[in-house]
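Some notes on the structure that comes next.
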Amino acid sequence: MELHLQRVLRVVLATAVAAPAAAQQCYSPQNQCFSFAPPGEEVERVDSGIVLRSESLEITGDIRFRARFASTATDAPYNENDQQTTRTRIQLNYTVNENVTAFAEFNFAEVWAGAEGYSDAQPDPTMNGFASRENFNAIGQAYMQLDDAFDMDLSVRIGRSNYFLANGMVLGSCDFLQYSGAFTGAWIAKSFDVGEEGQVDLEIFGFDNYGPLQSQLPGGGERYYGGTARWTVSEDGPLRAANAYYMAGTNDGDVARNAGDDWTGVEMDGAIADEFDWFAQFAHRQVAGGPDVSASRARIEYNPEGENRTLRQVSYTFTDSEGALHVNPADFNTAGLLHQYGGIWRSDLQTNQLSAAFGLPKGFDGTLSAISLDRRGAAMQLGDFEVDALLGKTFDSGVHFGFGYGIDNDDRQVGYVQFTVYF
């Protein structure tokens, strides 16, 4: 009982100190995890021309095909499996009234016959002892959203929902996956105005983690609770926002895999000048019965002003993780397209990343990245240096094309081709 009281006090403290630092309420990706999709949270969708019975019901979705090709030298071990997959998602968003919405998402995904396994798309249903399936056909999200709940100016979300904590460092689901991870629980938030421009958003939560849908936890789910706070300072100042969070594992779920562990962290972002933006975050995992783990990420971006520029952005990113920080991380491509270390927040790994984004002829977007990778500890060092190239375009037909290619200093190579229609 005393231990639970101490944790509750830490949640209260994390939300009470919102003035110097605060956390995020995040139900959509922050694009730290690459998905071979158009940049930004909103994508251009094909207008189907369907007139619905009620304007209160919005139906959206996407269908994609992706192929992966890989090769490696004999003396350079790597997952060189070739694979073809498809995924279809349908989202139903119903506005009940001005304060209540209901959301459900249907997810169908399959691995093509003869394709090999990679990531969560596994043709072998017994692989690694998890419930990985060649085909998946079920509800991925289902929740209600209540605004001004109980006439108390509270925002409440209840049900199964995507959720990202620490920008995917700790919790999240990369949209690269066939079956996005989601969490079943409740989130209660309230906002406060601070000064002329500032705002503080507080949130407490408790949820069950059954693992991403592709790798459900043996024995059932594990339970977590915590709190976040976000202080929005200005729209475009040296400090735009500061975030803080606290999360703890409990013994209350079916599985107590991370019982006794807790996570704390902060992140901030802002603008140095008109064309320079920065972002920094730090996270710490206190491990019950084991060594603690910390991780950090810092990024600075140069965004030239003016339209129709060939050079769109230049960025430098530094990451450092001491080991397994995550619960369900969103970290595909955070350490390169080769994804050799099982994820940047799952490894004792440090990276330096230099990237440049370009606007190319015929409406194509391109990105070139150079990454140094330094593996610490007893695990094998794979690639020391990697170069990645990305290419994308949305055609007039509504199809988005994405291509990715990565190669390291040991001639490990991977390529991806993806076609997606958003509707």
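In the structure tokens, each chain is lettered A, B, ... as it comes, each chain's residues begin at 1, and ligands are numbered from 1 in order of appearance.
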Which residues of segment 240-347 of chain A have any atom within 8 Å of an atom in segment 404-408 of chain A when counting only C-alpha atoms, and what is the closest pair of atoms for each, with the distance in Å to one decimal? Order the rows by chain and rising number and write it as a tab-separated table.
residue	atom	partner	partner_atom	distance
A:Gly336	CA	A:Gly406	CA	7.4
A:Leu337	CA	A:Gly406	CA	5.6
A:Leu338	CA	A:Gly406	CA	6.1
*Mind checking which residues fall within 12 Å of Leu92 of chain A, counting only C-alpha atoms, ignoring those fewer than 4 positions away in the same chain, and posting them as a PyMOL selection string?*
chain A and resi 56-61+101-107+139-144
Per residue of segment 149-224 of chain A within 10 Å of segment 279-299 of chain A, which atom pair is closest and at what distance in Å (one decimal), using only C-alpha atoms, listed by chain and increasing number, as CSV?
residue,atom,partner,partner_atom,distance
A:Ala166,CA,A:Ala283,CA,7.5
A:Asn167,CA,A:Gln281,CA,8.9
A:Met169,CA,A:Ala283,CA,7.8
A:Val170,CA,A:Ala283,CA,8.3
Expected file: the selected residues, all heavy atoms, as a PDB file, in the first residue's frame:
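Saved the output as selection.pdb:
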ATOM      1  N   ALA A 166       6.256   9.589 -24.953  1.00  0.00           N
ATOM      2  CA  ALA A 166       7.669   9.923 -25.174  1.00  0.00           C
ATOM      3  C   ALA A 166       8.019   9.859 -26.654  1.00  0.00           C
ATOM      4  O   ALA A 166       9.121   9.475 -27.028  1.00  0.00           O
ATOM      5  CB  ALA A 166       8.589   9.008 -24.374  1.00  0.00           C
ATOM      6  N   ASN A 167       7.057  10.273 -27.516  1.00  0.00           N
ATOM      7  CA  ASN A 167       7.294  10.288 -28.948  1.00  0.00           C
ATOM      8  C   ASN A 167       7.753   8.932 -29.451  1.00  0.00           C
ATOM      9  O   ASN A 167       8.607   8.825 -30.329  1.00  0.00           O
ATOM     10  CB  ASN A 167       8.327  11.361 -29.310  1.00  0.00           C
ATOM     11  CG  ASN A 167       7.845  12.242 -30.445  1.00  0.00           C
ATOM     12  OD1 ASN A 167       7.212  11.763 -31.362  1.00  0.00           O
ATOM     13  ND2 ASN A 167       8.147  13.523 -30.365  1.00  0.00           N
ATOM     14  N   MET A 169       9.370   6.608 -27.785  1.00  0.00           N
ATOM     15  CA  MET A 169      10.488   6.010 -27.051  1.00  0.00           C
ATOM     16  C   MET A 169      10.022   4.867 -26.147  1.00  0.00           C
ATOM     17  O   MET A 169      10.661   3.828 -26.062  1.00  0.00           O
ATOM     18  CB  MET A 169      11.158   7.064 -26.172  1.00  0.00           C
ATOM     19  CG  MET A 169      12.284   7.834 -26.799  1.00  0.00           C
ATOM     20  SD  MET A 169      13.024   8.898 -25.506  1.00  0.00           S
ATOM     21  CE  MET A 169      14.487   9.464 -26.332  1.00  0.00           C
ATOM     22  N   VAL A 170       8.906   5.081 -25.453  1.00  0.00           N
ATOM     23  CA  VAL A 170       8.418   4.137 -24.450  1.00  0.00           C
ATOM     24  C   VAL A 170       7.216   3.364 -24.965  1.00  0.00           C
ATOM     25  O   VAL A 170       7.171   2.142 -24.922  1.00  0.00           O
ATOM     26  CB  VAL A 170       8.069   4.871 -23.142  1.00  0.00           C
ATOM     27  CG1 VAL A 170       7.494   3.897 -22.113  1.00  0.00           C
ATOM     28  CG2 VAL A 170       9.297   5.579 -22.579  1.00  0.00           C
TER      29      VAL A 170
END
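Shortest separation to Ala389 of chain A among A:Val414, A:Met152, A:Leu373, A:Ile204 occurs at residue A:Val414, atoms counted being only C-alpha atoms.
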Please tabulate, as a Markdown table, the residues of segment 160-182 of chain A that come within 12 Å of segment 222-231 of chain A, each with its closest pair of atoms and the distance in Å to one decimal, counting only C-alpha atoms and ordering rows by chain, then residue number upward.
| residue | atom | partner | partner_atom | distance |
| --- | --- | --- | --- | --- |
| A:Phe164 | CA | A:Thr228 | CA | 11.5 |
| A:Leu165 | CA | A:Thr228 | CA | 9.0 |
| A:Ala166 | CA | A:Thr228 | CA | 10.0 |
| A:Leu171 | CA | A:Tyr224 | CA | 11.2 |
Please write the residues from the selection above to a file, keeping N, CA and C atoms, as a tab-separated table (two decimals), in the first residue's frame.
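Wrote it out as selection02.tsv, contents follow:
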chain	number	residue	atom	x	y	z
A	164	PHE	N	0.70	7.18	-27.86
A	164	PHE	CA	2.16	7.32	-27.96
A	164	PHE	C	2.66	8.08	-26.74
A	165	LEU	N	3.66	7.55	-26.08
A	165	LEU	CA	4.27	8.22	-24.94
A	165	LEU	C	5.75	8.40	-25.22
A	166	ALA	N	6.26	9.59	-24.95
A	166	ALA	CA	7.67	9.92	-25.17
A	166	ALA	C	8.02	9.86	-26.65
A	171	LEU	N	6.22	4.10	-25.45
A	171	LEU	CA	4.97	3.50	-25.92
A	171	LEU	C	4.65	4.00	-27.31
*Would you list the contacts of Ala113 of chain A as a PyMOL selection string, taking every protein, DNA or RNA residue within 10 Å and counting only C-alpha atoms, but skipping same-chain residues closer than 5 positions in sequence?*
chain A and resi 83-85+123+134
Quick one: everything within 10 Å of Asp208 of chain A, counting only C-alpha atoms, minus sequence neighbours fewer than 3 positions away in the same chain. Send it as a PDB file with N, CA and C atoms, in the first residue's frame.
ATOM      1  N   ARG A 160     -10.323   1.060 -26.593  1.00  0.00           N
ATOM      2  CA  ARG A 160      -9.048   0.615 -27.171  1.00  0.00           C
ATOM      3  C   ARG A 160      -8.587   1.655 -28.175  1.00  0.00           C
ATOM      4  N   ALA A 182      -2.320  -1.040 -29.917  1.00  0.00           N
ATOM      5  CA  ALA A 182      -3.275  -0.155 -29.259  1.00  0.00           C
ATOM      6  C   ALA A 182      -3.401  -0.595 -27.808  1.00  0.00           C
ATOM      7  N   PHE A 183      -3.969   0.277 -26.976  1.00  0.00           N
ATOM      8  CA  PHE A 183      -4.041   0.036 -25.538  1.00  0.00           C
ATOM      9  C   PHE A 183      -5.475   0.232 -25.072  1.00  0.00           C
ATOM     10  N   THR A 184      -5.940  -0.622 -24.167  1.00  0.00           N
ATOM     11  CA  THR A 184      -7.313  -0.584 -23.680  1.00  0.00           C
ATOM     12  C   THR A 184      -7.343   0.062 -22.306  1.00  0.00           C
ATOM     13  N   GLY A 185      -8.039   1.185 -22.174  1.00  0.00           N
ATOM     14  CA  GLY A 185      -8.065   1.858 -20.884  1.00  0.00           C
ATOM     15  C   GLY A 185      -8.845   3.145 -20.931  1.00  0.00           C
ATOM     16  N   ALA A 186      -8.469   4.075 -20.047  1.00  0.00           N
ATOM     17  CA  ALA A 186      -9.138   5.366 -19.939  1.00  0.00           C
ATOM     18  C   ALA A 186      -8.099   6.468 -19.786  1.00  0.00           C
ATOM     19  N   GLY A 211       0.050  -6.030 -25.816  1.00  0.00           N
ATOM     20  CA  GLY A 211       1.048  -6.115 -26.871  1.00  0.00           C
ATOM     21  C   GLY A 211       0.450  -5.657 -28.183  1.00  0.00           C
ATOM     22  N   GLY A 220      -1.975 -13.080 -21.209  1.00  0.00           N
ATOM     23  CA  GLY A 220      -2.879 -11.949 -21.041  1.00  0.00           C
ATOM     24  C   GLY A 220      -2.171 -10.619 -21.069  1.00  0.00           C
ATOM     25  N   GLY A 221      -2.826  -9.586 -20.522  1.00  0.00           N
ATOM     26  CA  GLY A 221      -2.296  -8.231 -20.598  1.00  0.00           C
ATOM     27  C   GLY A 221      -1.615  -7.790 -19.322  1.00  0.00           C
ATOM     28  N   GLU A 222      -0.846  -6.709 -19.446  1.00  0.00           N
ATOM     29  CA  GLU A 222      -0.194  -6.085 -18.300  1.00  0.00           C
ATOM     30  C   GLU A 222      -0.763  -4.678 -18.141  1.00  0.00           C
ATOM     31  N   ARG A 223      -0.788  -4.178 -16.909  1.00  0.00           N
ATOM     32  CA  ARG A 223      -1.470  -2.917 -16.627  1.00  0.00           C
ATOM     33  C   ARG A 223      -0.487  -1.822 -16.215  1.00  0.00           C
ATOM     34  N   TYR A 224      -0.808  -0.586 -16.656  1.00  0.00           N
ATOM     35  CA  TYR A 224       0.008   0.581 -16.360  1.00  0.00           C
ATOM     36  C   TYR A 224      -0.897   1.738 -15.954  1.00  0.00           C
ATOM     37  N   TYR A 225      -0.331   2.698 -15.241  1.00  0.00           N
ATOM     38  CA  TYR A 225      -1.029   3.946 -14.959  1.00  0.00           C
ATOM     39  C   TYR A 225      -0.001   5.067 -14.940  1.00  0.00           C
ATOM     40  N   GLY A 249       4.364   0.364 -14.044  1.00  0.00           N
ATOM     41  CA  GLY A 249       3.760  -0.945 -14.203  1.00  0.00           C
ATOM     42  C   GLY A 249       3.232  -1.443 -12.871  1.00  0.00           C
ATOM     43  N   ASP A 252      -1.565  -5.526 -11.195  1.00  0.00           N
ATOM     44  CA  ASP A 252      -3.013  -5.673 -11.302  1.00  0.00           C
ATOM     45  C   ASP A 252      -3.466  -6.394 -12.565  1.00  0.00           C
ATOM     46  N   GLY A 253      -2.603  -6.523 -13.560  1.00  0.00           N
ATOM     47  CA  GLY A 253      -3.016  -7.172 -14.800  1.00  0.00           C
ATOM     48  C   GLY A 253      -2.867  -8.685 -14.748  1.00  0.00           C
ATOM     49  N   ASP A 254      -3.143  -9.329 -15.888  1.00  0.00           N
ATOM     50  CA  ASP A 254      -2.961 -10.767 -15.977  1.00  0.00           C
ATOM     51  C   ASP A 254      -1.481 -11.137 -15.939  1.00  0.00           C
ATOM     52  N   VAL A 255      -0.645 -10.241 -16.454  1.00  0.00           N
ATOM     53  CA  VAL A 255       0.794 -10.474 -16.527  1.00  0.00           C
ATOM     54  C   VAL A 255       1.495  -9.344 -15.784  1.00  0.00           C
TER      55      VAL A 255
END
*asked:* Considering only C-alpha atoms, can you say which of A:Phe385, A:Tyr302, A:Trp112, A:Phe419 comes closest to His400 of chain A?
replied: A:Phe419
*Give me the residues within 10 Å of Asn303 of chain A as a PyMOL selection string, counting only C-alpha atoms and dropping any in the same chain fewer than 4 places off.*
chain A and resi 274-277+311-315+357
_Could you list, as an MDAnalysis selection string, every residue within 9 Å of Asp411 of chain A, counting only C-alpha atoms and ignoring same-chain residues fewer than 4 positions away?_
chainID A and resid 71:73 76 383 407
